[in-house]
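my_file.cif, holding mmCIF, C-alpha atoms:
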```cif
data_structure
loop_
_atom_site.label_atom_id
_atom_site.label_comp_id
_atom_site.auth_asym_id
_atom_site.auth_seq_id
_atom_site.Cartn_x
_atom_site.Cartn_y
_atom_site.Cartn_z
CA MET A 1 -50.50 -1.32 18.40
CA ASP A 2 -51.58 -1.89 14.88
CA VAL A 3 -50.51 -5.27 13.50
CA MET A 4 -51.00 -4.05 9.95
CA SER A 5 -48.24 -1.42 10.32
CA ILE A 6 -45.78 -4.18 11.23
CA VAL A 7 -46.86 -6.25 8.25
CA ILE A 8 -46.59 -3.27 5.90
CA ALA A 9 -43.16 -2.37 7.23
CA ALA A 10 -41.91 -5.94 6.79
CA ALA A 11 -43.45 -6.16 3.32
CA VAL A 12 -41.94 -2.88 2.13
CA ILE A 13 -38.46 -3.65 3.45
CA GLY A 14 -38.73 -7.17 2.08
CA ALA A 15 -39.79 -5.81 -1.31
CA VAL A 16 -36.86 -3.40 -1.39
CA GLY A 17 -34.52 -6.27 -0.49
CA ILE A 18 -35.95 -8.60 -3.11
CA LEU A 19 -35.85 -5.85 -5.72
CA ALA A 20 -32.19 -5.18 -4.97
CA ALA A 21 -31.45 -8.91 -5.06
CA VAL A 22 -33.19 -9.37 -8.42
CA LEU A 23 -31.42 -6.34 -9.82
CA LEU A 24 -28.04 -7.67 -8.68
CA GLY A 25 -28.87 -11.12 -10.02
CA ILE A 26 -29.75 -9.76 -13.45
CA ALA A 27 -26.74 -7.46 -13.40
CA SER A 28 -24.34 -10.25 -12.54
CA GLU A 29 -25.58 -12.19 -15.56
CA LYS A 30 -25.82 -9.27 -17.92
CA PHE A 31 -22.56 -7.57 -17.03
CA LYS A 32 -20.59 -10.76 -16.69
CA VAL A 33 -16.94 -10.28 -17.55
CA GLU A 34 -15.23 -13.39 -18.80
CA VAL A 35 -12.44 -14.13 -16.37
CA ASP A 36 -9.91 -16.70 -17.37
CA PRO A 37 -10.43 -19.65 -14.94
CA LYS A 38 -6.67 -20.03 -14.92
CA GLU A 39 -6.34 -16.48 -13.64
CA GLU A 40 -8.68 -17.19 -10.73
CA ALA A 41 -6.86 -20.41 -9.86
CA VAL A 42 -3.50 -18.64 -9.93
CA ARG A 43 -4.86 -15.82 -7.76
CA GLU A 44 -5.97 -18.41 -5.19
CA VAL A 45 -2.43 -19.75 -4.88
CA LEU A 46 -0.64 -16.39 -4.65
CA PRO A 47 0.12 -15.13 -1.14
CA GLY A 48 -2.14 -12.06 -1.33
CA ASN A 49 0.15 -9.56 0.41
CA ASN A 50 -0.22 -7.20 -2.58
CA CYS A 51 3.35 -6.09 -1.87
CA GLY A 52 4.12 -5.31 -5.50
CA GLY A 53 7.49 -7.07 -5.35
CA CYS A 54 6.81 -8.73 -8.70
CA GLY A 55 6.42 -5.38 -10.43
CA TYR A 56 2.71 -5.84 -11.13
CA PRO A 57 -0.06 -3.92 -9.33
CA GLY A 58 -0.84 -6.42 -6.59
CA CYS A 59 -1.51 -10.14 -6.73
CA ASP A 60 -4.50 -9.71 -9.08
CA GLY A 61 -2.27 -8.00 -11.62
CA LEU A 62 0.31 -10.76 -11.45
CA ALA A 63 -2.34 -13.48 -11.71
CA ALA A 64 -3.66 -11.88 -14.90
CA ALA A 65 -0.15 -11.59 -16.32
CA ILE A 66 0.68 -15.23 -15.51
CA ALA A 67 -2.57 -16.47 -17.02
CA LYS A 68 -1.85 -14.53 -20.22
CA GLY A 69 1.68 -15.91 -20.30
CA GLU A 70 3.28 -12.48 -19.86
CA ALA A 71 4.89 -13.45 -16.58
CA LYS A 72 6.62 -16.67 -15.57
CA PRO A 73 5.12 -18.99 -12.95
CA ASP A 74 8.00 -18.15 -10.59
CA ALA A 75 7.42 -14.40 -10.90
CA CYS A 76 6.15 -14.11 -7.32
CA PRO A 77 9.24 -13.54 -5.17
CA VAL A 78 7.34 -13.87 -1.91
CA GLY A 79 5.77 -17.26 -2.63
CA GLY A 80 9.07 -18.81 -3.55
CA PRO A 81 9.47 -22.25 -5.07
CA GLU A 82 6.38 -23.75 -3.38
CA VAL A 83 3.97 -21.26 -4.94
CA ALA A 84 5.84 -21.35 -8.25
CA GLU A 85 5.37 -25.11 -8.41
CA LYS A 86 1.63 -24.86 -7.74
CA ILE A 87 1.24 -22.15 -10.38
CA ALA A 88 3.26 -24.16 -12.87
CA GLN A 89 0.82 -27.03 -12.38
CA ILE A 90 -2.09 -24.71 -13.18
CA VAL A 91 -0.68 -23.00 -16.25
CA GLY A 92 1.60 -25.80 -17.37
CA GLY A 93 5.24 -24.84 -17.49
CA GLU A 94 8.55 -25.48 -15.90
CA VAL A 95 9.99 -23.94 -12.80
CA SER A 96 13.57 -23.30 -12.00
CA ALA A 97 13.12 -21.30 -8.87
CA THR A 98 15.57 -21.08 -6.06
CA LYS A 99 14.57 -19.02 -3.07
CA LYS A 100 16.39 -15.74 -3.04
CA VAL A 101 17.00 -13.50 -0.05
CA ALA A 102 18.15 -9.92 0.34
CA TYR A 103 21.75 -9.49 1.42
CA VAL A 104 23.48 -6.34 2.67
CA LYS A 105 26.92 -6.14 1.09
CA CYS A 106 28.61 -4.31 3.91
CA ALA A 107 30.37 -5.41 7.10
CA GLY A 108 31.56 -1.97 8.15
CA ASN A 109 29.86 -1.59 11.52
CA CYS A 110 30.58 1.12 14.09
CA GLU A 111 33.82 -0.55 15.16
CA LYS A 112 35.28 -1.37 11.78
CA ALA A 113 34.33 1.57 9.57
CA LYS A 114 35.23 5.19 10.21
CA ASP A 115 32.94 8.19 10.05
CA ALA A 116 34.15 11.31 8.24
CA TYR A 117 32.06 13.59 10.45
CA GLN A 118 29.17 13.54 12.89
CA TYR A 119 25.72 13.67 11.27
CA VAL A 120 22.72 15.05 13.15
CA GLY A 121 20.12 15.39 10.38
CA PRO A 122 16.97 13.30 9.78
CA GLN A 123 17.54 9.62 10.41
CA ASP A 124 16.94 8.52 6.85
CA CYS A 125 19.48 7.10 4.39
CA ARG A 126 18.02 8.93 1.40
CA ILE A 127 18.31 12.30 3.10
CA ALA A 128 21.69 11.51 4.67
CA SER A 129 23.10 10.51 1.28
CA ASN A 130 22.48 14.07 0.06
CA SER A 131 24.72 15.58 2.73
CA PRO A 132 28.40 16.41 1.96
CA GLY A 133 30.50 13.43 0.90
CA ALA A 134 27.32 11.44 0.17
CA GLY A 135 26.79 10.82 3.87
CA PRO A 136 28.79 10.82 7.08
CA LYS A 137 30.44 7.44 6.51
CA ALA A 138 34.05 7.62 5.31
CA CYS A 139 33.28 4.87 2.80
CA SER A 140 30.85 6.21 0.21
CA TYR A 141 29.71 2.69 -0.72
CA GLY A 142 28.89 1.28 2.72
CA CYS A 143 25.72 0.99 4.77
CA MET A 144 24.94 4.16 6.74
CA GLY A 145 22.50 2.37 9.01
CA TYR A 146 19.70 4.93 9.12
CA GLY A 147 17.25 2.21 8.24
CA SER A 148 15.47 3.20 5.02
CA CYS A 149 15.45 -0.51 4.19
CA VAL A 150 14.03 -1.35 7.64
CA LYS A 151 11.10 0.97 6.92
CA ALA A 152 10.66 -0.47 3.43
CA CYS A 153 10.50 -4.10 4.67
CA GLN A 154 6.92 -5.20 5.24
CA PHE A 155 7.99 -8.43 6.87
CA GLY A 156 10.23 -7.13 9.66
CA ALA A 157 13.22 -9.02 8.31
CA ILE A 158 15.78 -6.22 8.52
CA SER A 159 17.29 -4.76 11.67
CA ILE A 160 20.13 -2.33 12.34
CA ILE A 161 22.86 -4.08 14.31
CA ASP A 162 25.97 -2.08 15.32
CA GLY A 163 25.17 0.62 12.77
CA ILE A 164 24.63 -1.53 9.70
CA ALA A 165 21.54 -3.23 8.28
CA VAL A 166 21.36 -7.01 8.68
CA VAL A 167 18.79 -9.19 6.92
CA ASP A 168 17.28 -12.17 8.71
CA LYS A 169 17.30 -14.54 5.78
CA ASP A 170 14.61 -16.77 7.26
CA LYS A 171 12.17 -13.88 7.59
CA CYS A 172 13.03 -12.43 4.18
CA LYS A 173 10.28 -12.97 1.61
CA SER A 174 12.45 -11.67 -1.25
CA CYS A 175 10.00 -8.97 -2.36
CA GLY A 176 12.92 -6.69 -3.22
CA MET A 177 11.48 -3.54 -1.64
CA CYS A 178 14.67 -2.94 0.36
CA VAL A 179 16.79 -3.21 -2.79
CA ALA A 180 14.82 -0.33 -4.26
CA ALA A 181 14.85 1.69 -1.02
CA CYS A 182 18.64 1.71 -0.49
CA PRO A 183 20.14 4.89 -1.98
CA ARG A 184 23.56 3.24 -2.16
CA ASN A 185 22.41 0.03 -3.85
CA ILE A 186 24.16 -2.13 -1.29
CA ILE A 187 21.39 -4.72 -1.02
CA GLU A 188 21.42 -7.56 -3.51
CA MET A 189 19.22 -10.63 -3.96
CA VAL A 190 21.33 -13.73 -3.41
CA PRO A 191 20.37 -17.42 -3.32
CA TYR A 192 19.23 -18.53 0.16
CA ASP A 193 22.00 -21.12 0.38
CA ALA A 194 24.74 -19.13 -1.34
CA GLY A 195 28.11 -20.67 -0.40
CA ALA A 196 30.15 -17.49 -0.43
CA LYS A 197 29.10 -13.86 -0.28
CA VAL A 198 31.34 -10.81 -0.54
CA GLN A 199 30.43 -8.54 2.34
CA CYS A 200 31.56 -5.32 0.69
CA ASN A 201 30.39 -3.00 -2.06
CA SER A 202 33.38 -0.64 -2.36
CA LYS A 203 34.72 -0.18 -5.85
CA ASP A 204 37.54 2.04 -4.57
CA PHE A 205 41.24 1.33 -4.90
CA GLY A 206 42.59 -0.89 -2.09
CA LYS A 207 44.43 1.88 -0.23
CA ASP A 208 41.33 4.11 -0.07
CA VAL A 209 39.24 1.20 1.15
CA LYS A 210 41.77 0.47 3.90
CA ALA A 211 41.72 4.11 4.98
CA ALA A 212 37.96 4.08 5.50
CA CYS A 213 37.23 0.58 6.77
CA SER A 214 39.13 -2.37 8.19
CA VAL A 215 36.93 -5.01 6.55
CA GLY A 216 36.58 -3.68 2.99
CA CYS A 217 37.38 -5.64 -0.16
CA ILE A 218 40.69 -4.31 -1.48
CA GLY A 219 40.41 -6.10 -4.81
CA CYS A 220 43.60 -8.09 -4.37
CA GLY A 221 42.20 -11.00 -6.41
CA ILE A 222 43.55 -13.77 -4.15
CA CYS A 223 40.05 -15.27 -3.91
CA ALA A 224 39.67 -15.30 -7.71
CA LYS A 225 43.03 -17.07 -8.17
CA ASN A 226 42.31 -19.67 -5.54
CA CYS A 227 38.72 -20.52 -6.38
CA PRO A 228 38.74 -24.07 -7.81
CA GLU A 229 35.51 -23.43 -9.74
CA GLY A 230 36.50 -20.06 -11.20
CA ALA A 231 33.37 -18.58 -9.67
CA ILE A 232 34.92 -15.34 -8.47
CA THR A 233 35.85 -12.40 -10.63
CA VAL A 234 37.33 -9.07 -9.57
CA GLU A 235 35.88 -6.04 -11.27
CA GLY A 236 36.77 -2.49 -10.26
CA PHE A 237 38.64 -3.62 -7.13
CA LEU A 238 35.64 -5.60 -5.90
CA ALA A 239 35.29 -9.39 -5.86
CA LYS A 240 32.06 -10.80 -7.29
CA VAL A 241 30.77 -14.35 -6.80
CA ASP A 242 28.92 -16.17 -9.57
CA TYR A 243 26.42 -18.07 -7.39
CA SER A 244 25.59 -20.56 -10.15
CA LYS A 245 29.20 -21.80 -10.15
CA CYS A 246 29.96 -21.53 -6.43
CA THR A 247 29.98 -24.87 -4.61
CA GLY A 248 30.54 -23.42 -1.16
CA CYS A 249 33.93 -25.09 -0.66
CA GLY A 250 35.13 -22.21 1.52
CA THR A 251 38.59 -21.76 -0.01
CA CYS A 252 37.99 -18.07 -0.67
CA LYS A 253 36.94 -17.46 2.93
CA GLU A 254 40.27 -18.89 4.17
CA LYS A 255 42.46 -17.06 1.69
CA CYS A 256 40.87 -13.63 1.94
CA PRO A 257 43.36 -11.34 3.71
CA VAL A 258 40.66 -9.03 5.11
CA LYS A 259 38.11 -11.78 5.83
CA VAL A 260 35.37 -10.02 3.91
CA ILE A 261 33.90 -13.18 2.34
CA GLU A 262 31.40 -15.07 4.45
CA MET B 263 -24.80 31.96 -5.32
CA ASN B 264 -26.69 29.75 -2.96
CA VAL B 265 -25.11 26.68 -4.51
CA ILE B 266 -21.60 28.06 -4.04
CA LEU B 267 -22.34 28.83 -0.40
CA PHE B 268 -23.87 25.38 -0.03
CA ALA B 269 -20.77 23.78 -1.59
CA ILE B 270 -18.37 25.61 0.74
CA SER B 271 -20.53 24.75 3.71
CA ALA B 272 -20.68 21.03 2.84
CA ALA B 273 -17.08 20.59 1.72
CA LEU B 274 -15.13 22.82 4.10
CA VAL B 275 -17.07 24.23 7.02
CA SER B 276 -18.93 21.11 8.06
CA ASN B 277 -16.28 18.81 6.60
CA VAL B 278 -17.42 15.21 6.86
CA VAL B 279 -14.29 13.91 8.64
CA LEU B 280 -12.87 16.95 10.35
CA SER B 281 -16.00 18.41 11.87
CA GLN B 282 -18.61 15.64 11.74
CA PHE B 283 -16.12 12.83 12.50
CA MET B 284 -17.54 10.34 10.04
CA GLY B 285 -15.38 8.06 7.93
CA ILE B 286 -12.42 8.22 10.33
CA CYS B 287 -11.45 4.62 9.54
CA PRO B 288 -10.46 5.14 5.88
CA PHE B 289 -9.23 8.62 6.77
CA LEU B 290 -6.55 7.14 9.05
CA GLY B 291 -6.14 3.81 7.29
CA VAL B 292 -5.68 4.78 3.64
CA SER B 293 -3.72 8.00 4.05
CA LYS B 294 -0.14 6.75 3.95
CA LYS B 295 0.48 7.77 0.36
CA VAL B 296 -1.00 10.62 -1.65
CA SER B 297 -1.72 8.32 -4.60
CA THR B 298 -3.79 5.83 -2.60
CA ALA B 299 -5.50 8.66 -0.73
CA ALA B 300 -6.49 10.20 -4.06
CA GLY B 301 -7.87 6.82 -5.22
CA MET B 302 -9.90 6.51 -2.04
CA GLY B 303 -11.10 10.10 -2.36
CA ALA B 304 -12.23 9.53 -5.96
CA ALA B 305 -14.09 6.35 -5.00
CA VAL B 306 -15.85 8.13 -2.12
CA ILE B 307 -16.87 11.04 -4.38
CA PHE B 308 -18.25 8.55 -6.90
CA VAL B 309 -20.18 6.40 -4.44
CA MET B 310 -21.40 9.15 -2.12
CA THR B 311 -22.92 11.17 -4.97
CA ILE B 312 -24.78 8.19 -6.41
CA ALA B 313 -25.79 6.90 -2.97
CA SER B 314 -27.16 10.30 -1.92
CA ALA B 315 -29.26 10.53 -5.08
CA VAL B 316 -30.63 6.99 -4.81
CA THR B 317 -31.30 6.96 -1.06
CA SER B 318 -33.14 10.26 -1.13
CA THR B 319 -35.22 9.11 -4.13
CA ILE B 320 -36.15 5.94 -2.28
CA TYR B 321 -36.92 7.92 0.87
CA TYR B 322 -39.42 10.17 -0.89
CA LEU B 323 -40.90 7.51 -3.21
CA VAL B 324 -41.09 4.51 -0.87
CA LEU B 325 -40.64 5.37 2.79
CA VAL B 326 -42.67 8.59 3.03
CA PRO B 327 -45.85 7.26 1.30
CA PHE B 328 -45.86 4.18 3.58
CA GLU B 329 -45.02 6.28 6.66
CA LEU B 330 -41.92 4.20 7.31
CA GLU B 331 -39.46 7.07 7.84
CA TYR B 332 -38.25 5.46 11.05
CA LEU B 333 -36.79 2.56 9.03
CA ASN B 334 -34.51 4.81 6.98
CA THR B 335 -31.23 3.54 8.48
CA ILE B 336 -31.98 -0.11 7.68
CA VAL B 337 -33.25 0.63 4.18
CA PHE B 338 -30.29 2.88 3.43
CA ILE B 339 -27.77 0.23 4.50
CA LEU B 340 -29.51 -2.27 2.24
CA VAL B 341 -29.73 0.11 -0.69
CA ILE B 342 -26.17 1.42 -0.43
CA ALA B 343 -24.69 -2.09 -0.17
CA ALA B 344 -26.63 -3.30 -3.19
CA LEU B 345 -25.90 -0.11 -5.09
CA VAL B 346 -22.13 -0.31 -4.63
CA GLN B 347 -22.18 -3.94 -5.79
CA PHE B 348 -24.22 -2.97 -8.81
CA VAL B 349 -21.99 -0.02 -9.70
CA GLU B 350 -18.93 -2.21 -9.35
CA MET B 351 -20.32 -4.74 -11.85
CA LEU B 352 -21.39 -1.97 -14.20
CA LEU B 353 -17.95 -0.36 -14.12
CA LYS B 354 -16.18 -3.66 -14.63
CA LYS B 355 -18.14 -4.18 -17.82
CA MET B 356 -18.56 -0.66 -19.18
CA VAL B 357 -15.55 1.36 -17.98
CA PRO B 358 -12.75 -1.07 -17.13
CA SER B 359 -10.21 1.75 -16.90
CA LEU B 360 -12.17 3.47 -14.11
CA TYR B 361 -12.69 0.10 -12.42
CA GLN B 362 -8.93 -0.48 -12.48
CA ALA B 363 -8.29 2.97 -11.01
CA LEU B 364 -10.82 2.69 -8.18
CA GLY B 365 -10.05 -1.02 -7.81
CA VAL B 366 -9.98 -2.17 -4.21
CA TYR B 367 -11.45 1.06 -2.81
CA LEU B 368 -14.97 0.49 -4.17
CA PRO B 369 -15.91 -2.54 -2.03
CA LEU B 370 -14.08 -0.94 0.91
CA ILE B 371 -16.56 1.92 1.11
CA THR B 372 -19.67 -0.23 0.74
CA THR B 373 -20.16 0.02 4.47
CA ASN B 374 -18.37 3.30 5.03
CA CYS B 375 -20.14 5.26 7.74
CA ALA B 376 -19.55 8.56 5.95
CA VAL B 377 -21.63 7.39 2.98
CA LEU B 378 -24.47 6.21 5.23
CA GLY B 379 -24.09 9.28 7.46
CA ILE B 380 -24.48 11.75 4.63
CA ALA B 381 -27.53 9.83 3.33
CA LEU B 382 -29.12 10.14 6.78
CA VAL B 383 -28.15 13.81 7.16
CA ASN B 384 -29.82 14.49 3.80
CA VAL B 385 -33.21 13.26 4.97
CA GLN B 386 -32.76 14.77 8.43
CA LYS B 387 -32.30 18.20 6.86
CA GLU B 388 -35.22 17.42 4.50
CA LEU B 389 -33.19 18.25 1.40
CA SER B 390 -34.73 17.67 -2.02
CA VAL B 391 -33.35 14.91 -4.25
CA LEU B 392 -31.25 17.38 -6.25
CA MET B 393 -29.89 19.10 -3.16
CA SER B 394 -29.15 15.72 -1.54
CA THR B 395 -27.11 14.72 -4.58
CA LEU B 396 -25.19 18.01 -4.42
CA ASN B 397 -24.71 17.62 -0.67
CA GLY B 398 -23.33 14.10 -1.27
CA LEU B 399 -20.99 15.35 -3.99
CA PHE B 400 -19.62 18.28 -2.00
CA SER B 401 -19.31 16.35 1.27
CA ALA B 402 -17.34 13.67 -0.58
CA LEU B 403 -15.19 16.41 -2.10
CA GLY B 404 -14.51 17.59 1.44
CA PHE B 405 -13.52 14.04 2.41
CA ALA B 406 -11.16 13.83 -0.58
CA ILE B 407 -9.58 17.19 0.29
CA ALA B 408 -9.06 16.15 3.93
CA ILE B 409 -7.61 12.70 3.16
CA ILE B 410 -5.24 14.03 0.48
CA ILE B 411 -3.96 16.79 2.77
CA LEU B 412 -3.41 14.28 5.59
CA ALA B 413 -1.58 11.92 3.21
CA GLY B 414 0.65 14.78 2.10
CA ILE B 415 1.50 15.64 5.70
CA ARG B 416 2.11 11.98 6.56
CA GLU B 417 4.52 11.59 3.64
CA LYS B 418 6.48 14.55 5.06
CA ILE B 419 6.52 13.58 8.73
CA GLU B 420 7.71 10.10 7.79
CA HIS B 421 11.22 11.58 7.61
CA ASN B 422 10.99 13.63 10.79
CA ASP B 423 12.54 12.77 14.10
CA ILE B 424 9.39 11.78 15.99
CA PRO B 425 9.65 10.85 19.70
CA GLU B 426 9.44 7.07 20.13
CA SER B 427 6.11 7.11 21.98
CA PHE B 428 4.43 9.22 19.27
CA LYS B 429 5.49 7.06 16.32
CA GLY B 430 2.77 5.47 14.19
CA ALA B 431 -0.89 6.08 15.04
CA PRO B 432 -0.47 8.74 17.81
CA ILE B 433 1.27 11.30 15.60
CA VAL B 434 -1.36 10.73 12.89
CA LEU B 435 -4.18 11.34 15.37
CA ILE B 436 -2.48 14.52 16.61
CA THR B 437 -2.06 15.66 13.00
CA ALA B 438 -5.73 14.95 12.29
CA GLY B 439 -6.72 16.88 15.43
CA LEU B 440 -4.66 19.90 14.39
CA MET B 441 -6.22 19.71 10.91
CA ALA B 442 -9.69 19.65 12.47
CA MET B 443 -8.83 22.77 14.48
CA ALA B 444 -7.54 24.49 11.35
CA PHE B 445 -10.76 23.62 9.50
CA MET B 446 -12.77 25.09 12.38
CA GLY B 447 -11.36 28.45 11.36
CA LEU B 448 -13.33 28.16 8.11
CA SER B 449 -16.61 28.37 10.00
CA GLY B 450 -16.17 32.15 9.96
CA MET B 451 -16.68 32.06 6.19
CA ILE B 452 -20.46 31.76 6.31
#
```

Give the structure from the file, written as C-alpha cells.
Amino acid sequence: MDVMSIVIAAAVIGAVGILAAVLLGIASEKFKVEVDPKEEAVREVLPGNNCGGCGYPGCDGLAAAIAKGEAKPDACPVGGPEVAEKIAQIVGGEVSATKKVAYVKCAGNCEKAKDAYQYVGPQDCRIASNSPGAGPKACSYGCMGYGSCVKACQFGAISIIDGIAVVDKDKCKSCGMCVAACPRNIIEMVPYDAGAKVQCNSKDFGKDVKAACSVGCIGCGICAKNCPEGAITVEGFLAKVDYSKCTGCGTCKEKCPVKVIE
Amino acid sequence: MNVILFAISAALVSNVVLSQFMGICPFLGVSKKVSTAAGMGAAVIFVMTIASAVTSTIYYLVLVPFELEYLNTIVFILVIAALVQFVEMLLKKMVPSLYQALGVYLPLITTNCAVLGIALVNVQKELSVLMSTLNGLFSALGFAIAIIILAGIREKIEHNDIPESFKGAPIVLITAGLMAMAFMGLSGMI
C-alpha cells in the first residue's frame, strides 16, 4: 500500500473542492443581485405554501410585489391578519384584514333537493356541468357534490356531506382555490364571523326554486324588510347580505319562511 | 447519421427514466401538471448537458492523469453540486427571464441521480467530451419527453373513475410501468 497514492488522492480531491469553493465565492460576489432587504424579510414571514391564492407566482412573487408596493400587506389570504400585521410592520402600512373563509351557498342536500335524472358519468363537477340541463340536479344553481372543490383544496377543509360540499371554516386558509374550481360559482369568501349567510345561490323565480328544492331562497324579501340594519338586499330573487353592515342580530333567520339563512 | 442513431438510442431506446430507472423521484413527483413537468424537463436538459460536458472534461484532465478514476463518483457529486450553484447565480444575473422560468427546479436537480448517473455512464462507456455532452443532451431530452407524456396522462386520469385502492401513487406507478413497456418496443429501432 503506497501512502503517496492516498496523499495524492486527498490532495487532488481537496484541490477540486477548494477550486469549486473559490469559484463559487467569486461568483457570489461578482454576480450579486441586489435583493431588497424588505423583500427577504417579507418572504420570511409568509407561510411558504406557494399555493398561489394571492394571484402571484408563489410566496417569492408576492414578497417581491409587497416590497415594491404593488400588493397590499394583507394580500396573503392564507396568512390572515397575523401575517398581515407582521408584514405591515416591515413595510410600514396599515392593515384592515379580517379573516375570510370559503362558504358554499347551497343547502340542497340529497333529502331537500331533487335530481332531474340519474347521472353516471365521471365524478367531477366540471364534466357533470356539461351534461344536459347543466348537470343532474334539478336546480341549476346548486351544489352537485362531485367534489371538484374538494380536490382543489390543499388544506383538506372541504368535505361532501349528504351530497353537498361543506367547508370546515376552521381548516379553511382562504386561498380561494375552491372558488375558482367550482363551475357553478357557488363558493364565496365570507368573513369568518359573518352573522348571517344566505345558504342559496338560485336566481330563479320563487315557484321554480320551490319545484326543485325545499330550502331554496324564493326572493320574498321578508328578510330585507325586517333587517334593522338594512344589510340585506334582494336581487334577482336572491337575498344578499352586506357583511360590513350585518350585526348578527338573527332577525332574518327567524323571519325567513324557508329557513335558508344561517 | 451516426449522431441521429446515437440521439435516438440515448433519448428513446435507453430512456433515462423508463429503461435505466434513474431520476424516478422527480419523474413521479413533478408530473402532476404539464406546465410544471415542462419546466422540470427544461431544467434537466439545461443542467445535464452542462454537467456532462464539465464532468467528462474533469475526468480526462484531472482524474485520468493522476490515476484517480476510482474516485469519479465523489468528484462528480462535488462538481455537479458546485456547477448547479454557479449556473444558478449566473442565470440570476445574466438571464433573469430564464431564471424565473426554471425557478425552483434548478436547485431541485442539484442532487438528481439522473444527472450523476449520466455523468458516470459517460465515463463508463469511455465517450469523448463532445459525445458525452451530446449523450447528456439527448438523455435529458428523453427525460423531458417521458415526464411530459406522464404529466399529460395524469391530467387525463385525474377525471377517471379510479378504484379507491389505486388512487394516488399506485395508479401513477402502473402508468409509468405501462409507459416503460411501451418504450421497450422502441428497442427494435436500432

Near chain B, which residues of chain A fall within 9 Å when you count all atoms listed in the file, and what do they look like as a PDB file with C-alpha atoms, in the frame of the given file?
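What ended up in out21.pdb:
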```
ATOM      1  CA  SER A   5     -48.240  -1.420  10.320  1.00  0.00           C
ATOM      2  CA  ILE A   8     -46.590  -3.270   5.900  1.00  0.00           C
ATOM      3  CA  ALA A   9     -43.160  -2.370   7.230  1.00  0.00           C
ATOM      4  CA  VAL A  12     -41.940  -2.880   2.130  1.00  0.00           C
ATOM      5  CA  ILE A  13     -38.460  -3.650   3.450  1.00  0.00           C
ATOM      6  CA  VAL A  16     -36.860  -3.400  -1.390  1.00  0.00           C
ATOM      7  CA  GLY A  17     -34.520  -6.270  -0.490  1.00  0.00           C
ATOM      8  CA  ALA A  20     -32.190  -5.180  -4.970  1.00  0.00           C
ATOM      9  CA  ALA A  21     -31.450  -8.910  -5.060  1.00  0.00           C
ATOM     10  CA  LEU A  23     -31.420  -6.340  -9.820  1.00  0.00           C
ATOM     11  CA  LEU A  24     -28.040  -7.670  -8.680  1.00  0.00           C
ATOM     12  CA  ALA A  27     -26.740  -7.460 -13.400  1.00  0.00           C
ATOM     13  CA  SER A  28     -24.340 -10.250 -12.540  1.00  0.00           C
ATOM     14  CA  PHE A  31     -22.560  -7.570 -17.030  1.00  0.00           C
ATOM     15  CA  LYS A  32     -20.590 -10.760 -16.690  1.00  0.00           C
ATOM     16  CA  VAL A  33     -16.940 -10.280 -17.550  1.00  0.00           C
ATOM     17  CA  GLY A 121      20.120  15.390  10.380  1.00  0.00           C
ATOM     18  CA  PRO A 122      16.970  13.300   9.780  1.00  0.00           C
ATOM     19  CA  GLN A 123      17.540   9.620  10.410  1.00  0.00           C
ATOM     20  CA  ASP A 124      16.940   8.520   6.850  1.00  0.00           C
ATOM     21  CA  ILE A 127      18.310  12.300   3.100  1.00  0.00           C
TER      22      ILE A 127
END
```

>> Here's the selection I'm unsure about, the PyMOL selection byres ((chain A and resi 250-254) around 8); applied to the file above, which residues does it give, as a PyMOL selection string?
In response: chain A and resi 195-196+222-224+226-227+248-249+255-256+259-262

>> Starting from the PyMOL selection byres ((chain A and resi 102) around 9), expand the selection into actual residues of this file and give them as a ChimeraX atom specification.
In response: /A:100-101,103-104,167-169,172-176,178-179,187-192

>> Selection in question (the file shown): the PyMOL selection byres ((chain B and resi 288-294) around 9). Which residues does it include, as a PyMOL selection string?
In response: chain B and resi 279+285-287+295-300+302+370-371+374+405+408-414+416-417+431+434-435+438

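The coordinates place atom CA of B:Asn384 at 27.6 Å from atom CA of B:Tyr361.
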
>> Just the number, please: distance in Å from atom CA of A:Glu40 to atom CA of B:Leu368, one decimal.
In response: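 Between these atoms lies a distance of 19.9 Å.
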
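Minimum atom-to-atom distance to B:Glu331, evaluated using only C-alpha atoms, belongs to B:Gln386 out of B:Gln386, B:Ser314, B:Asn277, B:Asn397.
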
> What does the distance between atom CA of A:Ala231 and atom CA of A:Cys246 come to in Å, to one decimal place?
Replying inline: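 Rounded to one decimal, the two atoms are 5.6 Å apart.
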
> Looking at only C-alpha atoms, which of A:Ala65, A:Gln118, A:Ser244, A:Cys59 is the one that sits closest to A:Pro77?
Replying inline: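 Using only C-alpha atoms, A:Pro77 sits closest to A:Cys59.
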
> A:Phe155: which residues within 7 Å, counting all atoms listed in the file, same-chain residues fewer than 2 positions away excluded, as a ChimeraX atom specification?
Replying inline: /A:153,157,171-172

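Protein and nucleic acid residues near (33.9, -1.8, 16.3) are Ala107, Gly108, Asn109, Cys110, Glu111, Lys112, Ala113, Lys114, Asp115, Ile161, Asp162, Gly163, Ile164, Cys213, Ser214 and Val215 of chain A, the criterion being any atom at most 12 Å away using all atoms listed in the file.
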
Written file, previous selection with C-alpha atoms, as a PDB file, in the coordinates of the input:
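Listed below is the output, result-v7.pdb:
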```
ATOM      1  CA  ALA A 107      30.370  -5.410   7.100  1.00  0.00           C
ATOM      2  CA  GLY A 108      31.560  -1.970   8.150  1.00  0.00           C
ATOM      3  CA  ASN A 109      29.860  -1.590  11.520  1.00  0.00           C
ATOM      4  CA  CYS A 110      30.580   1.120  14.090  1.00  0.00           C
ATOM      5  CA  GLU A 111      33.820  -0.550  15.160  1.00  0.00           C
ATOM      6  CA  LYS A 112      35.280  -1.370  11.780  1.00  0.00           C
ATOM      7  CA  ALA A 113      34.330   1.570   9.570  1.00  0.00           C
ATOM      8  CA  LYS A 114      35.230   5.190  10.210  1.00  0.00           C
ATOM      9  CA  ASP A 115      32.940   8.190  10.050  1.00  0.00           C
ATOM     10  CA  ILE A 161      22.860  -4.080  14.310  1.00  0.00           C
ATOM     11  CA  ASP A 162      25.970  -2.080  15.320  1.00  0.00           C
ATOM     12  CA  GLY A 163      25.170   0.620  12.770  1.00  0.00           C
ATOM     13  CA  ILE A 164      24.630  -1.530   9.700  1.00  0.00           C
ATOM     14  CA  CYS A 213      37.230   0.580   6.770  1.00  0.00           C
ATOM     15  CA  SER A 214      39.130  -2.370   8.190  1.00  0.00           C
ATOM     16  CA  VAL A 215      36.930  -5.010   6.550  1.00  0.00           C
TER      17      VAL A 215
END
```
